[in-house]
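A.B. asks: Supplied structure: final.csv, CSV, C-alpha atoms.
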chain,number,residue,atom,x,y,z
Q,1,MET,CA,0.0,0.0,0.0
Q,2,ASP,CA,1.4,3.4,-0.9
Q,3,SER,CA,2.0,6.4,1.4
Q,4,ALA,CA,-1.2,8.0,0.2
Q,5,ASP,CA,-3.3,5.5,2.1
Q,6,PRO,CA,-5.6,7.5,4.5
Q,7,ALA,CA,-4.6,5.2,7.4
Q,8,ASP,CA,-1.0,6.4,7.2
Q,9,SER,CA,0.1,9.0,9.8
Q,10,ALA,CA,2.5,11.8,9.3
Q,11,ASP,CA,5.3,9.8,10.7
Q,12,GLY,CA,4.7,6.9,8.2
Q,13,PHE,CA,2.9,4.7,10.7
Q,14,ARG,CA,0.2,2.5,9.2
Q,15,PRO,CA,-1.6,-0.3,11.0
Q,16,HIS,CA,-1.4,-3.8,9.5
Q,17,ARG,CA,-4.6,-4.2,7.5
Q,18,ILE,CA,-6.5,-7.5,8.1
Q,19,VAL,CA,-9.4,-8.3,5.7
Q,20,VAL,CA,-11.8,-11.0,6.9
Q,21,LEU,CA,-13.7,-12.7,4.0
Q,22,ALA,CA,-17.3,-13.4,5.0
Q,23,LEU,CA,-19.0,-16.1,3.0
Q,24,ASP,CA,-22.6,-17.2,3.1
Q,25,GLY,CA,-23.2,-19.7,5.8
Q,26,LEU,CA,-20.5,-18.4,8.0
Q,27,LEU,CA,-20.3,-18.9,11.8
Q,28,PRO,CA,-20.8,-15.6,13.6
Q,29,PHE,CA,-18.5,-16.7,16.4
Q,30,GLU,CA,-15.6,-17.3,14.0
Q,31,LEU,CA,-16.3,-14.0,12.2
Q,32,GLY,CA,-15.9,-12.2,15.5
Q,33,ILE,CA,-12.6,-13.8,16.5
Q,34,PRO,CA,-10.3,-11.7,14.3
Q,35,HIS,CA,-12.1,-8.4,15.2
Q,36,ARG,CA,-11.8,-9.2,18.9
Q,37,ILE,CA,-8.2,-10.3,18.9
Q,38,PHE,CA,-6.7,-7.9,16.4
Q,39,GLY,CA,-8.9,-5.0,17.4
Q,40,ARG,CA,-7.2,-4.7,20.8
Q,41,PRO,CA,-3.4,-4.3,20.4
Q,42,LYS,CA,-2.1,-0.7,20.4
Q,43,ASP,CA,1.4,0.8,20.4
Q,44,ALA,CA,2.9,3.0,23.1
Q,45,LEU,CA,1.2,6.0,21.6
Q,46,GLY,CA,-2.2,4.3,21.8
Q,47,ARG,CA,-2.4,3.8,18.0
Q,48,PRO,CA,-4.1,0.5,16.8
Q,49,LEU,CA,-1.5,-1.9,15.5
Q,50,TYR,CA,-4.1,-3.5,13.2
Q,51,GLU,CA,-7.0,-2.3,11.1
Q,52,VAL,CA,-9.7,-5.1,10.7
Q,53,VAL,CA,-12.3,-4.9,7.9
Q,54,THR,CA,-14.9,-7.3,6.7
Q,55,CYS,CA,-15.7,-8.0,3.0
Q,56,SER,CA,-17.8,-10.4,1.0
Q,57,VAL,CA,-17.4,-11.7,-2.5
Q,58,ARG,CA,-20.2,-9.4,-3.6
Q,59,PRO,CA,-20.8,-5.6,-3.3
Q,60,PRO,CA,-21.5,-4.3,0.2
Q,61,GLY,CA,-24.6,-5.9,1.7
Q,62,PRO,CA,-26.0,-8.7,3.9
Q,63,VAL,CA,-24.2,-12.1,4.3
Q,64,GLN,CA,-26.3,-15.0,5.6
Q,65,THR,CA,-24.9,-16.7,8.7
Q,66,ASP,CA,-25.6,-20.3,9.9
Q,67,ALA,CA,-27.9,-18.7,12.5
Q,68,ASP,CA,-31.3,-17.0,12.1
Q,69,PHE,CA,-29.7,-13.6,11.2
Q,70,SER,CA,-27.5,-12.0,8.6
Q,71,VAL,CA,-24.5,-9.7,9.0
Q,72,TYR,CA,-23.7,-6.7,6.9
Q,73,ALA,CA,-20.4,-6.7,5.1
Q,74,PRO,CA,-19.4,-3.1,4.5
Q,75,HIS,CA,-16.8,-3.9,1.8
Q,76,GLY,CA,-16.9,-5.8,-1.5
Q,77,PRO,CA,-14.1,-8.1,-2.8
Q,78,GLU,CA,-12.0,-5.1,-3.8
Q,79,ALA,CA,-10.9,-4.9,-0.1
Q,80,LEU,CA,-8.9,-8.0,-0.6
Q,81,ALA,CA,-6.5,-6.1,-2.9
Q,82,GLN,CA,-5.6,-3.8,0.0
Q,83,ALA,CA,-5.0,-6.5,2.6
Q,84,ASP,CA,-1.8,-7.3,4.4
Q,85,THR,CA,-3.4,-10.4,5.9
Q,86,VAL,CA,-6.6,-12.2,4.6
Q,87,ILE,CA,-8.5,-14.4,7.1
Q,88,VAL,CA,-11.2,-16.9,5.9
Q,89,PRO,CA,-13.5,-18.1,8.7
Q,90,ALA,CA,-15.6,-21.3,8.3
Q,91,SER,CA,-18.8,-21.5,6.3
Q,92,TYR,CA,-21.5,-24.2,6.2
Q,93,GLU,CA,-22.5,-23.3,2.7
Q,94,LEU,CA,-19.4,-24.0,0.6
Q,95,GLY,CA,-21.3,-25.9,-2.0
Q,96,PRO,CA,-19.1,-27.4,-4.8
Q,97,LEU,CA,-16.1,-26.3,-2.8
Q,98,TYR,CA,-16.9,-28.7,0.0
Q,99,ASP,CA,-18.1,-31.5,-2.2
Q,100,GLU,CA,-15.7,-31.3,-5.1
Q,101,GLY,CA,-12.9,-29.0,-4.0
Q,102,VAL,CA,-13.8,-26.5,-6.7
Q,103,LEU,CA,-14.1,-22.7,-6.3
Q,104,THR,CA,-17.2,-20.9,-7.6
Q,105,ASP,CA,-16.5,-18.3,-10.3
Q,106,GLU,CA,-17.5,-15.6,-7.9
Q,107,LEU,CA,-15.1,-16.8,-5.1
Q,108,ALA,CA,-12.2,-17.4,-7.6
Q,109,ALA,CA,-12.6,-13.9,-9.0
Q,110,ALA,CA,-12.5,-12.4,-5.5
Q,111,LEU,CA,-9.4,-14.4,-4.5
Q,112,ALA,CA,-7.6,-13.3,-7.7
Q,113,LEU,CA,-7.6,-9.8,-6.3
Q,114,ILE,CA,-5.2,-10.8,-3.4
Q,115,ARG,CA,-1.7,-9.4,-3.9
Q,116,PRO,CA,1.3,-11.8,-4.0
Q,117,GLY,CA,3.0,-11.9,-0.7
Q,118,THR,CA,-0.2,-11.3,1.3
Q,119,ARG,CA,-0.4,-13.4,4.5
Q,120,LEU,CA,-3.3,-15.9,4.4
Q,121,ALA,CA,-5.0,-17.6,7.3
Q,122,SER,CA,-8.1,-19.8,7.7
Q,123,ILE,CA,-10.2,-20.8,10.7
Q,124,CYS,CA,-11.7,-24.3,10.7
Q,125,THR,CA,-13.2,-25.3,7.3
Q,126,GLY,CA,-12.2,-21.9,5.9
Q,127,VAL,CA,-9.1,-24.0,4.9
Q,128,TYR,CA,-11.2,-25.4,2.0
Q,129,VAL,CA,-11.0,-22.0,0.3
Q,130,LEU,CA,-7.2,-21.8,0.6
Q,131,ALA,CA,-6.8,-25.4,-0.6
Q,132,ALA,CA,-9.1,-25.1,-3.6
Q,133,ALA,CA,-7.2,-21.9,-4.6
Q,134,GLY,CA,-3.9,-23.8,-4.6
Q,135,TYR,CA,-2.3,-22.0,-1.7
Q,136,LEU,CA,-1.7,-25.2,0.2
Q,137,ASP,CA,-0.4,-27.6,-2.4
Q,138,GLY,CA,2.7,-29.4,-1.0
Q,139,ARG,CA,2.3,-27.7,2.4
Q,140,PRO,CA,1.1,-28.7,5.9
Q,141,ALA,CA,-2.4,-27.6,7.0
Q,142,THR,CA,-5.0,-28.4,9.6
Q,143,THR,CA,-8.8,-28.2,10.1
Q,144,HIS,CA,-11.4,-29.4,12.5
Q,145,TRP,CA,-10.5,-33.0,13.6
Q,146,ALA,CA,-14.0,-34.2,12.5
Q,147,ASP,CA,-13.4,-32.9,8.9
Q,148,ALA,CA,-9.7,-33.9,8.5
Q,149,GLU,CA,-10.2,-37.2,6.8
Q,150,ARG,CA,-12.6,-35.8,4.2
Q,151,PHE,CA,-10.4,-32.8,3.6
Q,152,GLN,CA,-7.3,-35.0,3.0
Q,153,ARG,CA,-9.2,-37.2,0.5
Q,154,LEU,CA,-10.3,-34.1,-1.4
Q,155,PHE,CA,-6.9,-32.5,-1.4
Q,156,PRO,CA,-4.3,-35.3,-1.4
Q,157,LYS,CA,-1.4,-32.9,-2.2
Q,158,ILE,CA,-1.8,-31.3,1.3
Q,159,ALA,CA,-0.1,-32.7,4.4
Q,160,VAL,CA,-3.0,-32.7,6.8
Q,161,ASP,CA,-2.3,-32.8,10.5
Q,162,ALA,CA,-5.4,-33.3,12.6
Q,163,ASP,CA,-3.6,-33.3,15.9
Q,164,VAL,CA,-2.7,-29.6,16.2
Q,165,LEU,CA,-4.6,-26.5,17.1
Q,166,PHE,CA,-3.0,-24.5,14.3
Q,167,ILE,CA,-0.1,-24.6,11.8
Q,168,ASP,CA,2.1,-21.7,10.9
Q,169,ASP,CA,3.8,-22.3,7.6
Q,170,GLY,CA,5.1,-18.7,7.2
Q,171,ASP,CA,2.8,-16.9,4.8
Q,172,VAL,CA,-0.1,-19.3,5.1
Q,173,LEU,CA,-1.6,-20.3,8.5
Q,174,THR,CA,-4.4,-22.7,9.2
Q,175,SER,CA,-6.3,-23.5,12.4
Q,176,ALA,CA,-8.5,-26.3,13.8
Q,177,GLY,CA,-12.1,-25.9,14.6
Q,178,VAL,CA,-13.9,-22.9,16.0
Q,179,ALA,CA,-12.1,-21.7,19.2
Q,180,ALA,CA,-8.8,-22.8,17.7
Q,181,GLY,CA,-9.2,-19.6,15.7
Q,182,ILE,CA,-8.5,-17.7,18.9
Q,183,ASP,CA,-5.2,-19.6,19.4
Q,184,LEU,CA,-4.2,-18.9,15.8
Q,185,CYS,CA,-5.0,-15.2,16.0
Q,186,LEU,CA,-3.1,-14.8,19.3
Q,187,HIS,CA,-0.2,-16.6,17.7
Q,188,MET,CA,-0.2,-14.1,14.9
Q,189,VAL,CA,-0.2,-11.2,17.3
Q,190,ARG,CA,2.7,-12.9,19.2
Q,191,ARG,CA,4.6,-13.4,16.0
Q,192,ASP,CA,4.0,-9.8,14.9
Q,193,HIS,CA,4.6,-8.0,18.2
Q,194,GLY,CA,5.9,-10.4,20.8
Q,195,THR,CA,4.6,-12.3,23.8
Q,196,ALA,CA,3.8,-9.3,26.0
Q,197,VAL,CA,1.4,-7.8,23.5
Q,198,ALA,CA,-0.3,-11.2,22.9
Q,199,ASN,CA,-0.6,-11.9,26.6
Q,200,ASP,CA,-2.2,-8.5,27.2
Q,201,VAL,CA,-4.8,-9.3,24.5
Q,202,ALA,CA,-5.4,-12.8,26.0
Q,203,ARG,CA,-5.8,-11.3,29.5
Q,204,ARG,CA,-8.4,-8.8,28.3
Q,205,THR,CA,-10.2,-11.5,26.3
Q,206,VAL,CA,-10.1,-13.8,29.4
Q,207,VAL,CA,-8.5,-16.7,27.5
Q,208,PRO,CA,-5.2,-18.5,28.0
Q,209,PRO,CA,-2.4,-16.9,26.0
Q,210,HIS,CA,-1.2,-20.3,24.9
Q,211,ARG,CA,-3.1,-23.6,25.1
Q,212,ASP,CA,-1.2,-26.8,25.7
Q,213,GLY,CA,-1.5,-29.7,23.3
Q,214,GLY,CA,-3.6,-30.2,20.3
Q,215,GLN,CA,-7.0,-31.4,19.1
Q,216,ALA,CA,-6.5,-34.9,20.4
Q,217,GLN,CA,-7.7,-33.8,23.8
Q,218,TYR,CA,-11.1,-32.7,22.3
Q,219,ILE,CA,-11.9,-35.8,20.2
Q,220,ASP,CA,-14.9,-37.6,21.6
Q,221,ARG,CA,-13.9,-40.6,23.7
Q,222,PRO,CA,-15.6,-42.7,26.4
Q,223,VAL,CA,-16.1,-40.8,29.6
Q,224,PRO,CA,-13.3,-41.7,32.0
Q,225,ASP,CA,-13.9,-43.0,35.5
Q,226,PRO,CA,-14.4,-39.9,37.7
Q,227,GLN,CA,-12.0,-41.4,40.2
Q,228,GLN,CA,-9.3,-41.7,37.5
Q,229,ALA,CA,-6.2,-39.6,38.3
Q,230,THR,CA,-5.1,-36.8,35.9
Q,231,THR,CA,-1.7,-35.2,35.2
Q,232,THR,CA,-2.7,-31.7,36.3
Q,233,ALA,CA,-0.6,-31.7,39.5
Q,234,ALA,CA,2.5,-32.9,37.7
Q,235,ARG,CA,2.2,-30.1,35.1
Q,236,ALA,CA,1.8,-27.5,37.9
Q,237,TRP,CA,4.8,-29.1,39.7
Q,238,ALA,CA,7.0,-28.9,36.5
Q,239,LEU,CA,6.0,-25.3,35.7
Q,240,GLY,CA,7.3,-24.3,39.1
Q,241,ARG,CA,10.8,-25.7,38.4
Q,242,LEU,CA,11.4,-25.3,34.7
Q,243,HIS,CA,14.9,-24.0,35.5
Q,244,GLU,CA,15.8,-27.4,37.0
Q,245,PRO,CA,16.4,-30.8,35.2
Q,246,ILE,CA,13.1,-32.6,35.1
Q,247,GLN,CA,12.9,-36.3,34.6
Q,248,LEU,CA,9.9,-38.2,33.3
Q,249,ARG,CA,9.9,-40.4,36.3
Q,250,ASP,CA,9.8,-37.4,38.6
Q,251,MET,CA,6.7,-36.1,36.9
Q,252,ALA,CA,5.1,-39.5,37.1
Q,253,ALA,CA,5.9,-39.7,40.8
Q,254,GLN,CA,3.9,-36.6,41.4
Q,255,GLU,CA,0.8,-38.5,40.3
Q,256,SER,CA,1.9,-41.8,41.8
Q,257,MET,CA,1.8,-43.4,38.4
Q,258,SER,CA,4.1,-45.7,36.5
Q,259,VAL,CA,6.0,-43.9,33.7
Q,260,ARG,CA,4.1,-45.8,31.1
Q,261,THR,CA,0.7,-45.0,32.5
Q,262,PHE,CA,1.6,-41.4,33.1
Q,263,THR,CA,2.9,-40.9,29.6
Q,264,ARG,CA,-0.3,-42.4,28.1
Q,265,ARG,CA,-2.5,-40.3,30.3
Q,266,PHE,CA,-0.5,-37.1,29.7
Q,267,ARG,CA,-0.8,-37.5,25.9
Q,268,GLU,CA,-4.5,-38.2,26.2
Q,269,GLU,CA,-5.0,-35.0,28.2
Q,270,THR,CA,-2.7,-32.6,26.4
Q,271,GLY,CA,-2.2,-34.1,22.9
Q,272,VAL,CA,1.6,-34.1,23.2
Q,273,SER,CA,4.2,-36.1,25.1
Q,274,PRO,CA,5.6,-34.9,28.4
Q,275,GLY,CA,8.9,-34.1,26.7
Q,276,GLN,CA,7.3,-32.0,24.0
Q,277,TRP,CA,5.2,-30.2,26.5
Q,278,LEU,CA,8.3,-29.3,28.7
Q,279,THR,CA,10.1,-28.0,25.6
Q,280,GLN,CA,7.0,-25.8,24.7
Q,281,GLN,CA,6.9,-24.4,28.2
Q,282,ARG,CA,10.6,-23.7,28.2
Q,283,VAL,CA,10.4,-21.9,24.9
Q,284,GLU,CA,7.6,-19.7,26.2
Q,285,ARG,CA,9.6,-18.9,29.3
Q,286,ALA,CA,12.7,-18.0,27.2
Q,287,ARG,CA,10.6,-15.8,25.0
Q,288,HIS,CA,9.2,-13.9,28.0
Q,289,LEU,CA,12.7,-13.4,29.5
Q,290,LEU,CA,14.2,-12.3,26.3
Q,291,GLU,CA,11.5,-9.7,25.8
Q,292,SER,CA,11.0,-8.4,29.3
Q,293,THR,CA,14.5,-8.6,31.0
Q,294,GLY,CA,18.1,-7.6,30.3
Q,295,LEU,CA,19.4,-11.0,31.3
Q,296,SER,CA,22.2,-12.4,29.2
Q,297,VAL,CA,21.4,-15.2,26.7
Q,298,ASP,CA,23.3,-17.6,28.9
Q,299,GLN,CA,21.3,-16.7,32.0
Q,300,VAL,CA,18.0,-16.9,30.1
Q,301,ALA,CA,19.0,-20.4,28.9
Q,302,ARG,CA,19.6,-21.4,32.5
Q,303,ASP,CA,16.5,-19.8,33.9
Q,304,ALA,CA,14.3,-21.4,31.1
Q,305,GLY,CA,15.8,-24.8,31.8
Q,306,PHE,CA,17.8,-25.3,28.6
Q,307,GLY,CA,21.1,-25.4,30.4
Q,308,THR,CA,23.2,-23.8,27.7
Q,309,ALA,CA,22.8,-21.0,25.2
Q,310,GLN,CA,23.6,-23.5,22.4
Q,311,SER,CA,20.7,-25.8,23.5
Q,312,MET,CA,18.3,-22.8,23.7
Q,313,ARG,CA,19.4,-21.5,20.4
Q,314,GLN,CA,18.6,-24.9,18.8
Q,315,HIS,CA,15.2,-25.1,20.4
Q,316,LEU,CA,14.2,-21.5,19.5
Q,317,GLN,CA,15.5,-21.9,16.0
Q,318,ALA,CA,13.3,-25.1,15.6
Q,319,ALA,CA,10.2,-23.5,17.2
Q,320,LEU,CA,10.4,-19.9,16.0
Q,321,GLY,CA,12.9,-19.9,13.1
Q,322,VAL,CA,15.1,-17.3,14.8
Q,323,THR,CA,18.0,-17.2,17.2
Q,324,PRO,CA,17.6,-15.8,20.8
Q,325,THR,CA,19.6,-12.7,19.9
Q,326,ALA,CA,17.4,-12.0,16.8
Q,327,TYR,CA,14.2,-12.6,18.7
Q,328,ARG,CA,15.3,-10.1,21.4
Q,329,ARG,CA,16.3,-7.6,18.8
Q,330,THR,CA,12.9,-7.8,17.2
Q,331,PHE,CA,10.7,-7.7,20.3
Q,332,ARG,CA,12.6,-6.2,23.2
Q,333,THR,CA,11.8,-2.6,22.3
Q,334,THR,CA,8.0,-3.2,22.3
Q,335,ALA,CA,7.7,-5.8,25.0
Q,336,GLY,CA,7.3,-3.6,28.0
Q,337,ARG,CA,4.5,-1.3,26.9
Q,338,VAL,CA,1.0,-1.9,25.6
Q,339,ASP,CA,-1.7,0.8,25.5
Q,340,GLY,CA,0.8,3.2,27.0
Q,341,GLY,CA,1.2,1.2,30.2
Q,342,GLU,CA,3.4,-1.5,31.7
Q,343,VAL,CA,2.4,-5.1,31.2
Q,344,GLY,CA,3.8,-8.4,32.2
Q,345,ALA,CA,3.4,-12.0,30.9
Q,346,LEU,CA,0.7,-14.1,32.3
Q,347,GLY,CA,1.9,-17.1,34.3
Translate this file's structure into structure tokens.
C.D. replies:
Amino acid sequence: MDSADPADSADGFRPHRIVVLALDGLLPFELGIPHRIFGRPKDALGRPLYEVVTCSVRPPGPVQTDADFSVYAPHGPEALAQADTVIVPASYELGPLYDEGVLTDELAAALALIRPGTRLASICTGVYVLAAAGYLDGRPATTHWADAERFQRLFPKIAVDADVLFIDDGDVLTSAGVAAGIDLCLHMVRRDHGTAVANDVARRTVVPPHRDGGQAQYIDRPVPDPQQATTTAARAWALGRLHEPIQLRDMAAQESMSVRTFTRRFREETGVSPGQWLTQQRVERARHLLESTGLSVDQVARDAGFGTAQSMRQHLQAALGVTPTAYRRTFRTTAGRVDGGEVGALG
């Protein structure tokens, strides 16, 4: 977008423009997620970091939801040409797209307006739109666990992962069903502006800034015995001593379980193994320390439980694609202030 854009300020500041594509049959809850999450973050001067607009594939007008009311989309498809990020929520009326994986002429014409390099994201079955347009060929993607098998059959070139809450593949991101759209949008805020900004949004939205595990924990299973032990206490115990070496047998001992039983129960509850979960928590701890403190990289590595800077570097590179130094350089300047006030990470 050029400097003549009306959203630009005198100093060149312009909020990141997010365009939400509303399709007939959309879920009102999912339509509201991007507006709620991206509508909150502001810089130290109180300026919105994002501008969120809603468009349809037709001229401005009503879009039917899956409920007994319509919503008004104030923009037509031309808004897609001005987007920095396009988000496609789910729809229950995808027609030939859902049955055959083929875009309607109207939807294809709208998507053709998106500029190369625009970030794309989908919530739940909105992924069908991105897949049919060819954006996901040869790439990983996710959708609602109940729809994953059908989606994979329809789009065999896509590597479907039904176990995760969302997938970040750089310029294309996909999320699992419904509320996982919140996880995805918070992740995008975290990626754009750091943990402190995302945590502030999560706090004000009254949701966890980061949910453990994946979709496995939400798949319908026989109801467990109410007397059956869980792994909650072990996780709380581990979070209180991430800076220490933590062995699997020590976590299992907190629940008086065998290692085998504990590992199985842990994966059922969180969707990941105990080792994967510990690494995720340590990465989040390291991110917070890199953003909010002046500790050396070596000290951050020790406090986060990685032991050495080299180990932390490898884990952050794998999880975030950047080194600790590069991450701090990107987010340290904005981590301490949101909406003009001091904030801290949620525990």
A.B. asks: Taking a cut-off of 8 Å and counting only C-alpha atoms, can you build a table that, for each residue of stretch 265-331 of chain Q near stretch 229-239 of chain Q, reports the nearest atom pair and how far apart they are in Å (one decimal), sorted by chain then residue number, as a tab-separated table?
C.D. replies:
residue	atom	partner	partner_atom	distance
Q:Arg265	CA	Q:Thr230	CA	7.1
Q:Phe266	CA	Q:Thr231	CA	5.9
Q:Glu269	CA	Q:Thr231	CA	7.7
Q:Leu278	CA	Q:Ala238	CA	7.9
Q:Gln281	CA	Q:Leu239	CA	7.6
A.B. asks: Rounded to one decimal, what separation in Å do you get between atom CA of Q:Ala112 and atom CA of Q:Glu100?
C.D. replies: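 Taking atom CA of Q:Ala112 and atom CA of Q:Glu100, their separation equals 19.9 Å.
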A.B. asks: For the interface of stretch 25-112 of chain Q with stretch 144-167 of chain Q (cut-off 9 Å, counting only C-alpha atoms), please tabulate each contacting residue of stretch 25-112 of chain Q alongside its nearest pair of atoms and their separation in Å to one decimal, rows sorted by chain and increasing number, as JSON lines.
C.D. replies:
{"residue": "Q:Tyr98", "atom": "CA", "partner": "Q:Phe151", "partner_atom": "CA", "distance": 8.5}
{"residue": "Q:Asp99", "atom": "CA", "partner": "Q:Leu154", "partner_atom": "CA", "distance": 8.3}
{"residue": "Q:Glu100", "atom": "CA", "partner": "Q:Leu154", "partner_atom": "CA", "distance": 7.1}
{"residue": "Q:Gly101", "atom": "CA", "partner": "Q:Leu154", "partner_atom": "CA", "distance": 6.3}
A.B. asks: Which one is closest to Q:Thr279: Q:Leu136, Q:Leu295, Q:Leu242, Q:Val53? Count all atoms listed in the file.
C.D. replies: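 Answer, going by the shortest atom-to-atom distance: Q:Leu242.
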A.B. asks: Fewer than 6 positions away in the same chain doesn't count, so skip those; otherwise give me all residues within 12 Å of Q:Thr65, counting all atoms listed in the file, as a list in words.
C.D. replies: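 What passes the distance filter is Ala22, Leu23, Asp24, Gly25, Leu26, Leu27, Pro28, Phe29, Glu30, Leu31, Val71, Tyr72, Ala73, Pro89, Ala90, Ser91, Tyr92 and Glu93 of chain Q.
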A.B. asks: Report, in Å with one decimal, the straight-line distance from atom CA of Q:Val201 to atom CA of Q:Val172.
C.D. replies: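 A separation of 22.3 Å between them.
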A.B. asks: Write out as a tab-separated table (two decimals) with C-alpha atoms, in the coordinates of the input the residues lying within 12 Å of Q:Met312, counting all atoms listed in the file and excluding same-chain residues fewer than 3 positions away.
C.D. replies:
chain	number	residue	atom	x	y	z
Q	279	THR	CA	10.10	-28.00	25.60
Q	280	GLN	CA	7.00	-25.80	24.70
Q	282	ARG	CA	10.60	-23.70	28.20
Q	283	VAL	CA	10.40	-21.90	24.90
Q	284	GLU	CA	7.60	-19.70	26.20
Q	285	ARG	CA	9.60	-18.90	29.30
Q	286	ALA	CA	12.70	-18.00	27.20
Q	287	ARG	CA	10.60	-15.80	25.00
Q	290	LEU	CA	14.20	-12.30	26.30
Q	297	VAL	CA	21.40	-15.20	26.70
Q	298	ASP	CA	23.30	-17.60	28.90
Q	299	GLN	CA	21.30	-16.70	32.00
Q	300	VAL	CA	18.00	-16.90	30.10
Q	301	ALA	CA	19.00	-20.40	28.90
Q	302	ARG	CA	19.60	-21.40	32.50
Q	303	ASP	CA	16.50	-19.80	33.90
Q	304	ALA	CA	14.30	-21.40	31.10
Q	305	GLY	CA	15.80	-24.80	31.80
Q	306	PHE	CA	17.80	-25.30	28.60
Q	307	GLY	CA	21.10	-25.40	30.40
Q	308	THR	CA	23.20	-23.80	27.70
Q	309	ALA	CA	22.80	-21.00	25.20
Q	315	HIS	CA	15.20	-25.10	20.40
Q	316	LEU	CA	14.20	-21.50	19.50
Q	317	GLN	CA	15.50	-21.90	16.00
Q	318	ALA	CA	13.30	-25.10	15.60
Q	319	ALA	CA	10.20	-23.50	17.20
Q	320	LEU	CA	10.40	-19.90	16.00
Q	322	VAL	CA	15.10	-17.30	14.80
Q	323	THR	CA	18.00	-17.20	17.20
Q	324	PRO	CA	17.60	-15.80	20.80
Q	325	THR	CA	19.60	-12.70	19.90
A.B. asks: Go ahead and compute the interatomic distance for atom CA of Q:Leu173 and atom CA of Q:Ala44, in Å to one decimal.
C.D. replies: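 Separation between atom CA of Q:Leu173 and atom CA of Q:Ala44: 27.9 Å.
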A.B. asks: Dig up all the protein and nucleic acid residues within 6 Å of (-12.5, -8.8, 6.6) in the file frame, using only C-alpha atoms, and format them as a compact mmCIF listing (two decimals) with C-alpha atoms, in the frame of the given file.
C.D. replies:
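Final file, result-v2.txt:
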# COMPACT_ATOMS: atom_id res chain seq x y z
CA VAL Q 19 -9.40 -8.30 5.70
CA VAL Q 20 -11.80 -11.00 6.90
CA LEU Q 21 -13.70 -12.70 4.00
CA VAL Q 53 -12.30 -4.90 7.90
CA THR Q 54 -14.90 -7.30 6.70
CA CYS Q 55 -15.70 -8.00 3.00
A.B. asks: From the list Q:Pro60, Q:Ala110, Q:Met251, Q:Val52, which residue is nearest Q:Ile33 when using all atoms listed in the file?
C.D. replies: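 The answer is Q:Val52, which sits nearest to Q:Ile33.
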A.B. asks: Looking at all atoms listed in the file, which of Q:Ile114, Q:Ala109, Q:Ala67, Q:Val88 is the one that sits closest to Q:Ala131?
C.D. replies: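 Ranking Q:Ile114, Q:Ala109, Q:Ala67, Q:Val88 by distance to Q:Ala131, first place goes to Q:Val88.
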A.B. asks: Can you find the residues with an atom no farther than 12 Å from (-9.6, -4.4, 18.9), counting only C-alpha atoms, and report them as a list in words?
C.D. replies: Pro15, Ile18, Gly32, Ile33, Pro34, His35, Arg36, Ile37, Phe38, Gly39, Arg40, Pro41, Lys42, Gly46, Arg47, Pro48, Leu49, Tyr50, Glu51, Val52, Val53, Val189, Asp200, Val201, Ala202, Arg204, Thr205 and Asp339 of chain Q
A.B. asks: Go through Q:Arg241, Q:Arg260, Q:Arg115, Q:Arg58 and flag the residue nearest Q:Thr85, using all atoms listed in the file for the distances.
C.D. replies: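 That would be Q:Arg115, the residue with the smallest distance to Q:Thr85.
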A.B. asks: Nearest to Q:Asn199: which of Q:Leu186, Q:Leu97, Q:Ala132, Q:Val127 is it, counting all atoms listed in the file?
C.D. replies: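 Of the candidates, the smallest distance to Q:Asn199 is held by Q:Leu186.
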